[in-house]
$ cat my_file01.tsv   # TSV, C-alpha atoms
chain	number	residue	atom	x	y	z
A	109	MET	CA	-53.98	-18.19	18.08
A	110	LYS	CA	-52.39	-14.90	19.06
A	111	THR	CA	-49.45	-13.79	16.87
A	112	SER	CA	-46.37	-12.45	18.63
A	113	PRO	CA	-45.36	-8.91	17.52
A	114	LEU	CA	-41.77	-10.07	17.36
A	115	TRP	CA	-42.65	-12.89	15.00
A	116	LEU	CA	-44.69	-10.45	12.88
A	117	VAL	CA	-41.65	-8.13	12.46
A	118	LEU	CA	-39.42	-11.04	11.49
A	119	SER	CA	-41.97	-12.25	8.95
A	120	ILE	CA	-42.28	-8.83	7.31
A	121	LEU	CA	-38.49	-8.39	7.08
A	122	SER	CA	-37.98	-11.88	5.67
A	123	THR	CA	-40.79	-11.52	3.12
A	124	SER	CA	-39.56	-8.09	1.99
A	125	LEU	CA	-36.03	-9.37	1.56
A	126	LEU	CA	-37.15	-12.40	-0.45
A	127	LYS	CA	-39.45	-10.36	-2.70
A	128	GLY	CA	-36.85	-7.62	-3.23
A	129	THR	CA	-39.13	-4.89	-1.91
A	130	LEU	CA	-36.64	-3.96	0.77
A	131	VAL	CA	-34.39	-1.32	-0.84
A	132	LEU	CA	-30.71	-2.24	-0.60
A	133	GLY	CA	-27.70	-0.42	-2.05
A	134	ASP	CA	-27.83	3.35	-2.52
A	135	ILE	CA	-29.74	4.69	0.47
A	136	CYS	CA	-31.15	7.41	-1.79
A	137	GLY	CA	-33.06	4.81	-3.83
A	138	PHE	CA	-30.74	4.24	-6.81
A	139	THR	CA	-29.70	0.75	-7.86
A	140	SER	CA	-27.23	1.63	-10.64
A	141	ALA	CA	-24.46	4.06	-11.54
A	142	VAL	CA	-22.48	5.24	-14.57
A	143	THR	CA	-19.80	2.65	-15.34
A	144	ASP	CA	-19.27	2.85	-19.13
A	145	HIS	CA	-17.66	6.16	-20.12
A	146	ASP	CA	-15.13	7.77	-22.46
A	147	HIS	CA	-13.51	11.15	-23.11
A	148	HIS	CA	-11.37	12.95	-25.66
A	149	PHE	CA	-9.52	16.25	-25.55
A	150	ILE	CA	-9.98	19.20	-27.93
A	151	VAL	CA	-7.13	21.69	-28.46
A	152	LEU	CA	-8.11	25.05	-29.95
A	153	GLU	CA	-5.80	27.80	-31.25
A	154	ASP	CA	-6.86	31.41	-31.62
A	155	GLN	CA	-5.54	34.05	-34.05
A	156	GLU	CA	-2.97	35.27	-31.52
A	157	GLY	CA	-1.27	31.89	-31.19
A	158	GLN	CA	-2.85	31.05	-27.85
A	159	TRP	CA	-4.22	27.59	-27.14
A	160	SER	CA	-7.09	26.39	-24.98
A	161	LEU	CA	-8.01	22.90	-23.85
A	162	GLN	CA	-11.42	21.25	-23.61
A	163	VAL	CA	-12.55	17.71	-22.84
A	164	ASN	CA	-15.70	16.03	-24.13
A	165	PHE	CA	-16.84	13.46	-21.55
A	166	SER	CA	-19.48	10.91	-22.58
A	167	TRP	CA	-21.10	7.88	-21.00
A	168	THR	CA	-23.67	5.14	-21.55
A	169	ARG	CA	-27.00	5.45	-19.77
A	170	PRO	CA	-27.19	2.87	-16.96
A	171	SER	CA	-30.35	0.99	-16.06
A	172	GLY	CA	-32.64	2.18	-13.30
A	173	ASP	CA	-35.31	4.75	-12.55
A	174	PHE	CA	-33.85	8.24	-12.89
A	175	ASP	CA	-34.33	11.31	-15.09
A	176	ALA	CA	-31.05	13.18	-15.40
A	177	TYR	CA	-27.46	13.53	-14.22
A	178	TYR	CA	-25.52	15.92	-12.05
A	179	ILE	CA	-21.91	16.29	-13.25
A	180	LYS	CA	-18.85	18.41	-12.47
A	181	LEU	CA	-15.10	18.55	-13.14
A	182	VAL	CA	-12.76	19.05	-10.17
A	183	ASP	CA	-9.06	18.83	-9.38
A	184	LYS	CA	-7.86	15.30	-8.65
A	185	ASN	CA	-8.23	14.20	-5.02
A	186	THR	CA	-10.91	16.78	-4.31
A	187	ARG	CA	-12.95	15.42	-1.42
A	188	ALA	CA	-16.29	14.15	-2.69
A	189	ASP	CA	-19.55	15.31	-1.12
A	190	TYR	CA	-22.08	12.66	-0.11
A	191	GLY	CA	-25.83	12.72	0.43
A	192	CYS	CA	-29.16	12.47	-1.36
A	193	ASN	CA	-29.23	16.17	-2.19
A	194	ALA	CA	-25.57	16.88	-2.97
A	195	LYS	CA	-25.81	19.30	-5.90
A	196	GLU	CA	-23.40	22.13	-5.05
A	197	GLY	CA	-21.02	22.83	-7.92
A	198	TYR	CA	-22.74	20.31	-10.19
A	199	MET	CA	-24.42	20.96	-13.54
A	200	LEU	CA	-27.72	19.28	-14.40
A	201	THR	CA	-27.98	17.56	-17.78
A	202	ILE	CA	-30.25	15.06	-19.50
A	203	GLN	CA	-27.62	14.31	-22.16
A	204	THR	CA	-25.12	11.46	-21.95
A	205	TRP	CA	-22.20	13.78	-22.65
A	206	HIS	CA	-20.80	17.07	-21.39
A	207	LEU	CA	-18.15	19.47	-22.66
A	208	PHE	CA	-15.76	20.98	-20.09
A	209	GLY	CA	-13.58	23.95	-21.01
A	210	ASP	CA	-10.62	25.92	-19.64
A	211	LEU	CA	-8.52	22.95	-18.57
A	212	ASP	CA	-4.82	23.35	-17.79
A	213	PHE	CA	-2.38	21.21	-19.74
A	214	GLY	CA	-0.64	18.51	-17.70
A	215	PHE	CA	-3.00	18.64	-14.70
A	216	SER	CA	-4.96	15.71	-13.25
A	217	TYR	CA	-8.73	16.04	-12.90
A	218	GLU	CA	-11.73	14.01	-11.79
A	219	VAL	CA	-15.23	13.91	-13.23
A	220	HIS	CA	-17.88	13.43	-10.56
A	221	ILE	CA	-21.24	12.20	-11.85
A	222	ARG	CA	-24.38	11.14	-10.01
A	223	LEU	CA	-27.91	10.18	-11.01
A	224	TYR	CA	-30.95	12.36	-10.32
A	225	ASN	CA	-34.60	11.42	-9.80
A	226	ASN	CA	-36.96	14.32	-10.53
A	227	GLU	CA	-39.88	12.76	-8.65
A	228	THR	CA	-37.99	12.37	-5.38
A	229	SER	CA	-35.60	15.32	-6.00
A	230	LYS	CA	-32.78	13.04	-4.84
A	231	THR	CA	-29.30	12.38	-6.24
A	232	SER	CA	-27.12	9.32	-5.88
A	233	PHE	CA	-25.60	9.16	-2.41
A	234	LEU	CA	-22.12	8.50	-3.84
A	235	PRO	CA	-20.71	10.21	-6.96
A	236	VAL	CA	-18.90	8.08	-9.50
A	237	LYS	CA	-15.35	9.47	-9.83
A	238	ILE	CA	-13.42	9.15	-13.10
A	239	ASP	CA	-9.76	10.21	-13.38
A	240	ILE	CA	-8.74	12.38	-16.33
A	241	LYS	CA	-5.16	13.46	-17.09
A	242	ALA	CA	-4.82	16.50	-19.35
A	243	PRO	CA	-2.26	16.07	-22.16
A	244	ASP	CA	1.21	17.56	-22.27
A	245	CYS	CA	1.22	21.18	-23.48
A	246	TYR	CA	4.28	20.95	-25.75
A	247	GLU	CA	3.19	17.66	-27.30
A	248	LYS	CA	-0.11	19.24	-28.33
A	249	THR	CA	1.01	22.73	-29.33
A	250	GLU	CA	4.75	22.42	-30.10
A	251	SER	CA	5.13	25.95	-28.77
A	252	ILE	CA	7.88	26.36	-26.17
A	253	GLU	CA	7.08	30.05	-25.68
A	254	PHE	CA	3.38	29.40	-24.98
A	255	CYS	CA	3.90	26.36	-22.75
A	256	MET	CA	6.57	28.01	-20.58
A	257	GLN	CA	3.90	30.51	-19.53
A	258	GLN	CA	1.38	27.84	-18.52
A	259	PRO	CA	1.00	26.46	-14.98
A	260	ILE	CA	2.21	22.96	-14.10
A	261	PRO	CA	2.27	21.10	-10.74
A	262	THR	CA	6.01	20.31	-10.89
A	263	THR	CA	7.59	19.69	-14.31
A	264	THR	CA	6.70	18.07	-17.57
A	265	LYS	CA	8.89	15.19	-18.73
A	266	ALA	CA	12.25	15.45	-20.49
A	267	ARG	CA	12.15	15.35	-24.29
A	268	GLU	CA	13.76	13.74	-27.32
A	269	PRO	CA	16.18	11.25	-25.74
A	270	ARG	CA	18.79	9.75	-28.01
A	271	VAL	CA	22.05	7.81	-28.02
A	272	GLU	CA	24.99	10.04	-28.88
A	273	SER	CA	27.71	7.40	-28.88
A	274	ILE	CA	28.31	3.80	-27.93
A	275	GLY	CA	31.55	1.86	-27.54
A	276	LEU	CA	33.65	-0.51	-25.45
A	277	ASN	CA	34.98	0.76	-22.14
A	278	ASP	CA	38.70	1.14	-21.45
A	279	PHE	CA	38.96	-2.42	-20.16
A	280	GLY	CA	37.14	-3.97	-23.11
A	281	ASN	CA	34.72	-5.84	-20.85
A	282	GLY	CA	31.67	-3.59	-21.08
A	283	THR	CA	29.87	-0.97	-23.12
A	284	ASN	CA	29.75	2.75	-22.41
A	285	VAL	CA	26.73	4.59	-23.78
A	286	VAL	CA	26.41	8.37	-23.97
A	287	ILE	CA	22.79	9.52	-23.97
A	288	SER	CA	21.34	13.01	-24.30
A	289	TRP	CA	17.95	14.64	-23.87
A	290	LEU	CA	16.25	18.02	-23.89
A	291	PRO	CA	15.04	19.52	-20.58
A	292	PRO	CA	11.36	19.80	-19.67
A	293	VAL	CA	9.53	22.72	-21.24
A	294	GLN	CA	7.44	23.50	-18.15
A	295	ILE	CA	9.21	23.78	-14.80
A	296	ASN	CA	7.53	24.95	-11.59
A	297	GLY	CA	10.25	25.68	-9.05
A	298	ALA	CA	14.05	25.55	-9.12
A	299	MET	CA	15.55	22.61	-10.98
A	300	ASP	CA	17.67	20.78	-8.41
A	301	TYR	CA	18.87	17.75	-10.36
A	302	ILE	CA	17.79	15.13	-12.87
A	303	SER	CA	17.83	11.49	-11.80
A	304	VAL	CA	19.00	9.15	-14.57
A	305	SER	CA	18.64	5.47	-13.73
A	306	TYR	CA	19.01	2.38	-15.89
A	307	ARG	CA	18.26	-1.31	-15.54
A	308	LYS	CA	18.14	-4.36	-17.75
A	309	GLU	CA	14.79	-4.95	-19.41
A	310	PHE	CA	12.47	-6.96	-17.11
A	311	ALA	CA	14.82	-6.45	-14.15
A	312	LEU	CA	13.34	-4.95	-10.99
A	313	ALA	CA	16.41	-3.22	-9.56
A	314	ASN	CA	18.39	-0.41	-11.18
A	315	ASP	CA	22.01	-1.06	-12.15
A	316	ASP	CA	22.90	2.51	-11.24
A	317	VAL	CA	21.41	5.95	-10.57
A	318	ILE	CA	23.12	9.14	-11.76
A	319	GLN	CA	22.34	12.62	-10.46
A	320	PHE	CA	22.78	15.12	-13.27
A	321	ARG	CA	22.82	18.71	-12.01
A	322	PRO	CA	22.09	21.39	-14.64
A	323	ALA	CA	23.92	23.93	-12.47
A	324	ASP	CA	27.16	21.99	-13.04
A	325	VAL	CA	26.98	22.83	-16.76
A	326	ASN	CA	25.89	26.45	-16.10
A	327	TRP	CA	22.46	25.89	-17.59
A	328	ASN	CA	20.68	29.20	-18.16
A	329	GLY	CA	17.19	27.78	-18.71
A	330	ASN	CA	17.47	27.31	-22.47
A	331	ARG	CA	14.90	24.63	-23.32
A	332	GLN	CA	16.79	23.68	-26.50
A	333	GLU	CA	20.09	22.93	-24.77
A	334	ARG	CA	20.78	19.20	-24.69
A	335	PHE	CA	21.97	17.50	-21.52
A	336	ASN	CA	24.11	14.38	-21.71
A	337	THR	CA	25.58	11.76	-19.43
A	338	THR	CA	27.40	8.44	-19.77
A	339	LEU	CA	26.09	5.03	-18.74
A	340	PHE	CA	29.20	3.01	-17.87
A	341	SER	CA	29.99	-0.68	-18.34
A	342	LEU	CA	26.72	-1.94	-19.75
A	343	LEU	CA	26.46	-5.49	-21.06
A	344	ASN	CA	26.67	-5.89	-24.82
A	345	ASP	CA	23.68	-7.28	-26.74
A	346	THR	CA	21.35	-6.18	-23.95
A	347	ILE	CA	18.28	-3.95	-23.80
A	348	TYR	CA	18.22	-1.42	-20.98
A	349	ILE	CA	15.39	0.74	-19.67
A	350	VAL	CA	16.58	4.29	-18.98
A	351	THR	CA	14.47	6.49	-16.71
A	352	ILE	CA	14.82	10.28	-16.49
A	353	LYS	CA	13.18	12.03	-13.54
A	354	PRO	CA	13.44	15.81	-12.99
A	355	ILE	CA	13.56	16.94	-9.36
A	356	VAL	CA	12.53	20.49	-8.45
A	357	ILE	CA	12.56	22.48	-5.22
A	358	GLN	CA	9.28	24.04	-4.09
A	359	ASN	CA	8.84	25.67	-0.69
A	360	GLU	CA	12.11	24.15	0.55
A	361	GLY	CA	10.94	20.65	-0.42
A	362	ARG	CA	11.93	18.42	-3.34
A	363	LEU	CA	9.22	17.21	-5.68
A	364	LEU	CA	9.32	14.70	-8.51
A	365	GLY	CA	8.39	15.84	-12.00
A	366	GLU	CA	6.97	13.69	-14.76
A	367	THR	CA	9.00	10.66	-15.77
A	368	LEU	CA	10.40	9.75	-19.17
A	369	GLU	CA	11.35	6.14	-19.96
A	370	PHE	CA	13.04	4.82	-23.09
A	371	ARG	CA	14.89	1.72	-24.26
A	372	VAL	CA	18.56	1.50	-25.22
A	373	ASN	CA	19.79	-1.51	-27.17
A	374	THR	CA	23.54	-2.12	-26.77
A	375	SER	CA	23.51	-4.65	-29.64
A	376	LEU	CA	24.00	-1.64	-31.92
A	377	LEU	CA	27.68	-2.07	-31.10
A	378	THR	CA	29.42	-4.28	-33.70
A	379	ASP	CA	32.95	-5.64	-33.88
A	380	SER	CA	33.87	-3.19	-36.64
A	381	ASP	CA	32.42	-0.30	-34.61
A	382	SER	CA	34.14	-1.23	-31.36
A	383	GLN	CA	37.74	-1.29	-32.62
A	384	GLY	CA	39.66	1.36	-34.55
A	385	HIS	CA	42.56	0.65	-36.90
A	386	ASP	CA	44.98	1.00	-34.00
A	387	GLY	CA	43.03	-1.40	-31.78
A	388	SER	CA	41.64	1.34	-29.51
A	389	SER	CA	37.97	1.61	-28.69
A	390	ARG	CA	35.97	4.15	-30.64
A	391	THR	CA	32.35	5.20	-30.96
A	392	PRO	CA	30.09	4.95	-34.00
A	393	HIS	CA	27.88	7.71	-35.31
A	394	SER	CA	25.02	8.95	-33.15
A	395	SER	CA	21.82	6.96	-33.29
A	396	THR	CA	18.30	7.26	-32.01
A	397	PRO	CA	17.32	4.60	-29.45
A	398	ASP	CA	14.32	2.36	-29.70
A	399	TYR	CA	12.26	4.19	-27.12
A	400	ALA	CA	8.69	4.82	-26.02
A	401	THR	CA	7.82	7.44	-23.49
A	402	ASN	CA	5.85	6.38	-20.43
A	403	PRO	CA	5.10	9.48	-18.37
A	404	THR	CA	3.81	9.14	-14.85
A	405	SER	CA	2.08	11.78	-12.72
A	406	PRO	CA	3.78	13.22	-9.63
A	407	ALA	CA	2.56	12.05	-6.29
A	408	PRO	CA	-0.63	13.90	-5.35
A	409	THR	CA	-0.31	16.45	-2.63
A	410	GLY	CA	-4.00	17.18	-2.15
A	411	PRO	CA	-6.23	15.81	0.63
A	412	LYS	CA	-6.79	12.08	0.59
A	413	ASP	CA	-10.24	10.69	-0.05
A	414	SER	CA	-11.89	7.96	1.94
A	415	PHE	CA	-11.28	4.33	1.07
A	416	LEU	CA	-14.83	3.91	-0.25
A	417	SER	CA	-14.68	6.90	-2.58
A	418	ARG	CA	-11.50	5.60	-4.24
A	419	LEU	CA	-13.21	2.35	-5.26
A	420	SER	CA	-14.76	1.84	-8.68
A	421	ALA	CA	-18.49	2.35	-9.14
A	422	LYS	CA	-19.15	-1.39	-9.29
A	423	TRP	CA	-17.32	-1.99	-6.02
A	424	GLN	CA	-19.10	0.95	-4.40
A	425	LEU	CA	-22.48	-0.49	-5.35
A	426	SER	CA	-21.46	-3.96	-4.20
A	427	ILE	CA	-20.41	-2.67	-0.79
A	428	LEU	CA	-23.58	-0.60	-0.49
A	429	PHE	CA	-25.62	-3.73	-1.15
A	430	ILE	CA	-23.63	-5.91	1.24
A	431	ILE	CA	-23.65	-3.56	4.25
A	432	PRO	CA	-27.49	-3.38	4.59
A	433	VAL	CA	-27.69	-7.18	4.27
A	434	ILE	CA	-25.18	-7.60	7.09
A	435	VAL	CA	-27.07	-5.11	9.24
A	436	LEU	CA	-30.39	-6.82	8.49
A	437	CYS	CA	-28.97	-10.24	9.37
A	438	GLY	CA	-27.67	-8.82	12.63
A	439	VAL	CA	-31.10	-7.38	13.48
A	440	ILE	CA	-32.82	-10.69	12.68
A	441	PHE	CA	-30.30	-12.60	14.79
A	442	VAL	CA	-30.83	-10.29	17.79
A	443	LEU	CA	-34.61	-10.49	17.48
A	444	LEU	CA	-34.50	-14.28	17.18
A	445	PHE	CA	-32.21	-14.48	20.19
A	446	VAL	CA	-34.60	-12.36	22.27
A	447	TYR	CA	-37.59	-14.37	21.02
A	448	VAL	CA	-36.00	-17.73	21.86
A	449	LYS	CA	-34.87	-16.48	25.25
A	450	ARG	CA	-38.41	-15.34	26.13
A	451	LYS	CA	-39.90	-18.64	24.95
A	452	THR	CA	-37.37	-20.54	27.06
A	453	GLN	CA	-38.29	-18.48	30.12
A	454	GLN	CA	-42.01	-19.08	29.51
A	455	MET	CA	-41.45	-22.84	29.22
A	456	THR	CA	-39.40	-22.80	32.44
A	457	VAL	CA	-42.23	-21.02	34.28
A	458	VAL	CA	-44.83	-23.49	32.97
A	459	SER	CA	-42.69	-26.49	33.94
A	460	SER	CA	-42.20	-25.19	37.45
$ encode --input "my_file01.tsv" --output "structure tokens"
Amino acid sequence: MKTSPLWLVLSILSTSLLKGTLVLGDICGFTSAVTDHDHHFIVLEDQEGQWSLQVNFSWTRPSGDFDAYYIKLVDKNTRADYGCNAKEGYMLTIQTWHLFGDLDFGFSYEVHIRLYNNETSKTSFLPVKIDIKAPDCYEKTESIEFCMQQPIPTTTKAREPRVESIGLNDFGNGTNVVISWLPPVQINGAMDYISVSYRKEFALANDDVIQFRPADVNWNGNRQERFNTTLFSLLNDTIYIVTIKPIVIQNEGRLLGETLEFRVNTSLLTDSDSQGHDGSSRTPHSSTPDYATNPTSPAPTGPKDSFLSRLSAKWQLSILFIIPVIVLCGVIFVLLFVYVKRKTQQMTVVSS
């Protein structure tokens, strides 16, 4: 019995798929990627009081047939290069760690890492991209003079927030809280204003937003000068989340600096604190709020990457496995359709 070539192709494709000999996933022949990784920063000080920043990036060897890794550190949102021989700018290593130097404090980076097979001279088609945020300069060095000379995308966050005073408002139906903070150490551009917003803990919407303008208090750039503002008519016995956001002007546009968040508890106000001997409202001694900073990075201004490159390594591999399967199923369906159509025509001719 003569075997149809079409049926032979379908048989080979089906058998290869069932046996796993048909390579799916990375079109360069890799079936795994780096998914388990870690990093820690190293701050070094020289004899002249200058600091440098390094990061030690490490990872766990994934399964699969490969011999080494290609790795590089780039600015965040740098467009990734794709292909089976994409090695430009990468460093080859057989270790499961790499030390990068000369980082800038406060900047966002990405580590790109791909596998390498020495026998085929191919790399992974897609690099795995891991976000790394360099630490705050002042928090690591405590040197205002040094950090003011270092580059920064917009601004670092405000510092050392505290409650200066707390007391009943003039109507006796709410609490006024005076807060203060130190300005950011690093500022790139002209400081336009500082947005101070506050909301009840777990609430989604702000109760109010205040625009504090340093120019209104004739600020001369002194990083040790405290700013202060009043939060009016807060509820007593309530925890509020206060958010401080510096806004700077760069190239005639306003950009958001890093954000500081802290908690203010108005239950610090007691009956004895709220009333003086003459019945008027007064304020107790200054106190430090229960706060925890939660800085956030400014919105990236670099080129946007493709949707696929922003996915995690596991999702990238999953998609790369699924796409060839869909294509293969489509090919099989078309070939079956053509085969059935030809058989139907042959049967029609024989019947006639």
$ residues_around --input "my_file01.tsv" --residues "A:Tyr177" --least-positions-apart "2" --cutoff "12 Å" --atoms "only C-alpha atoms" --output "ChimeraX atom specification"
/A:141-142,166-170,173-175,179-180,194-195,198-206,220-226,229-232,235-236
$ residues_around --input "my_file01.tsv" --residues "A:Ser341" --least-positions-apart "4" --cutoff "7 Å" --atoms "only C-alpha atoms" --output "list in words"
Asn277, Gly282, Thr283 and Asn284 of chain A
$ closest_residue --input "my_file01.tsv" --among "A:Ile287, A:Val439, A:Ala298, A:Cys255" --to "A:Gly329" --atoms "only C-alpha atoms"
A:Ala298
$ atom_distance --input "my_file01.tsv" --atom1 "atom CA of A:Arg321" --atom2 "atom CA of A:Asp300"
6.6 Å
$ closest_residue --input "my_file01.tsv" --among "A:Ser305, A:Phe320, A:Leu342, A:Gln332" --to "A:Gly280" --atoms "all atoms listed in the file"
A:Leu342
$ residues_around --input "my_file01.tsv" --residues "A:Val219" --least-positions-apart "5" --cutoff "6 Å" --atoms "only C-alpha atoms" --output "list in words"
Lys180, Leu181, Lys237 and Ile238 of chain A
$ atom_distance --input "my_file01.tsv" --atom1 "atom CA of A:Ile430" --atom2 "atom CA of A:Asn193"
23.0 Å
$ closest_residue --input "my_file01.tsv" --among "A:Thr228, A:Ser303, A:Thr249, A:Thr452" --to "A:Cys136" --atoms "all atoms listed in the file"
A:Thr228
$ closest_residue --input "my_file01.tsv" --among "A:Ile440, A:Asp210, A:Val182, A:Arg307" --to "A:Gly197" --atoms "all atoms listed in the file"
A:Val182
$ build_atoms --input "my_file01.tsv" --residues "stretch 184-192 of chain A" --atoms "all heavy atoms" --output "tab-separated table (two decimals), in the frame of the given file"
chain	number	residue	atom	x	y	z
A	184	LYS	N	-8.00	16.66	-9.18
A	184	LYS	CA	-7.86	15.30	-8.65
A	184	LYS	C	-7.68	15.34	-7.13
A	184	LYS	O	-7.03	16.22	-6.59
A	184	LYS	CB	-6.66	14.60	-9.30
A	184	LYS	CG	-6.52	13.14	-8.89
A	184	LYS	CD	-5.41	12.47	-9.65
A	184	LYS	CE	-5.17	11.05	-9.16
A	184	LYS	NZ	-6.35	10.19	-9.30
A	185	ASN	N	-8.28	14.35	-6.48
A	185	ASN	CA	-8.23	14.20	-5.02
A	185	ASN	C	-9.04	15.26	-4.28
A	185	ASN	O	-8.84	15.46	-3.08
A	185	ASN	CB	-6.78	14.20	-4.51
A	185	ASN	CG	-5.99	13.01	-5.00
A	185	ASN	OD1	-6.42	11.87	-4.84
A	185	ASN	ND2	-4.85	13.26	-5.64
A	186	THR	N	-9.96	15.92	-5.00
A	186	THR	CA	-10.91	16.78	-4.31
A	186	THR	C	-11.87	15.90	-3.52
A	186	THR	O	-12.40	14.92	-4.04
A	186	THR	CB	-11.70	17.64	-5.31
A	186	THR	OG1	-10.79	18.50	-6.01
A	186	THR	CG2	-12.76	18.49	-4.60
A	187	ARG	N	-12.09	16.24	-2.26
A	187	ARG	CA	-12.95	15.42	-1.42
A	187	ARG	C	-14.38	15.44	-1.96
A	187	ARG	O	-14.95	16.50	-2.19
A	187	ARG	CB	-12.90	15.90	0.02
A	187	ARG	CG	-13.61	14.97	1.00
A	187	ARG	CD	-13.37	15.41	2.43
A	187	ARG	NE	-11.96	15.40	2.76
A	187	ARG	CZ	-11.28	14.30	3.12
A	187	ARG	NH1	-11.92	13.13	3.17
A	187	ARG	NH2	-10.01	14.37	3.42
A	188	ALA	N	-14.94	14.26	-2.14
A	188	ALA	CA	-16.29	14.15	-2.69
A	188	ALA	C	-17.33	14.46	-1.61
A	188	ALA	O	-17.12	14.19	-0.43
A	188	ALA	CB	-16.52	12.74	-3.24
A	189	ASP	N	-18.44	15.05	-2.03
A	189	ASP	CA	-19.55	15.31	-1.12
A	189	ASP	C	-20.55	14.17	-1.25
A	189	ASP	O	-20.80	13.67	-2.34
A	189	ASP	CB	-20.21	16.66	-1.42
A	189	ASP	CG	-20.40	16.88	-2.91
A	189	ASP	OD1	-19.97	16.01	-3.70
A	189	ASP	OD2	-20.97	17.91	-3.28
A	190	TYR	N	-21.14	13.77	-0.13
A	190	TYR	CA	-22.08	12.66	-0.11
A	190	TYR	C	-23.46	13.14	0.34
A	190	TYR	O	-23.59	14.16	1.01
A	190	TYR	CB	-21.59	11.55	0.83
A	190	TYR	CG	-20.19	11.07	0.52
A	190	TYR	CD1	-19.15	11.23	1.43
A	190	TYR	CD2	-19.91	10.48	-0.71
A	190	TYR	CE1	-17.87	10.79	1.13
A	190	TYR	CE2	-18.63	10.04	-1.01
A	190	TYR	CZ	-17.62	10.20	-0.09
A	190	TYR	OH	-16.36	9.78	-0.38
A	191	GLY	N	-24.47	12.39	-0.01
A	191	GLY	CA	-25.83	12.72	0.43
A	191	GLY	C	-26.82	12.62	-0.71
A	191	GLY	O	-26.44	12.54	-1.89
A	192	CYS	N	-28.10	12.62	-0.37
A	192	CYS	CA	-29.16	12.47	-1.36
A	192	CYS	C	-29.53	13.79	-2.03
A	192	CYS	O	-30.38	13.80	-2.93
A	192	CYS	CB	-30.41	11.87	-0.69
A	192	CYS	SG	-30.15	10.20	-0.03
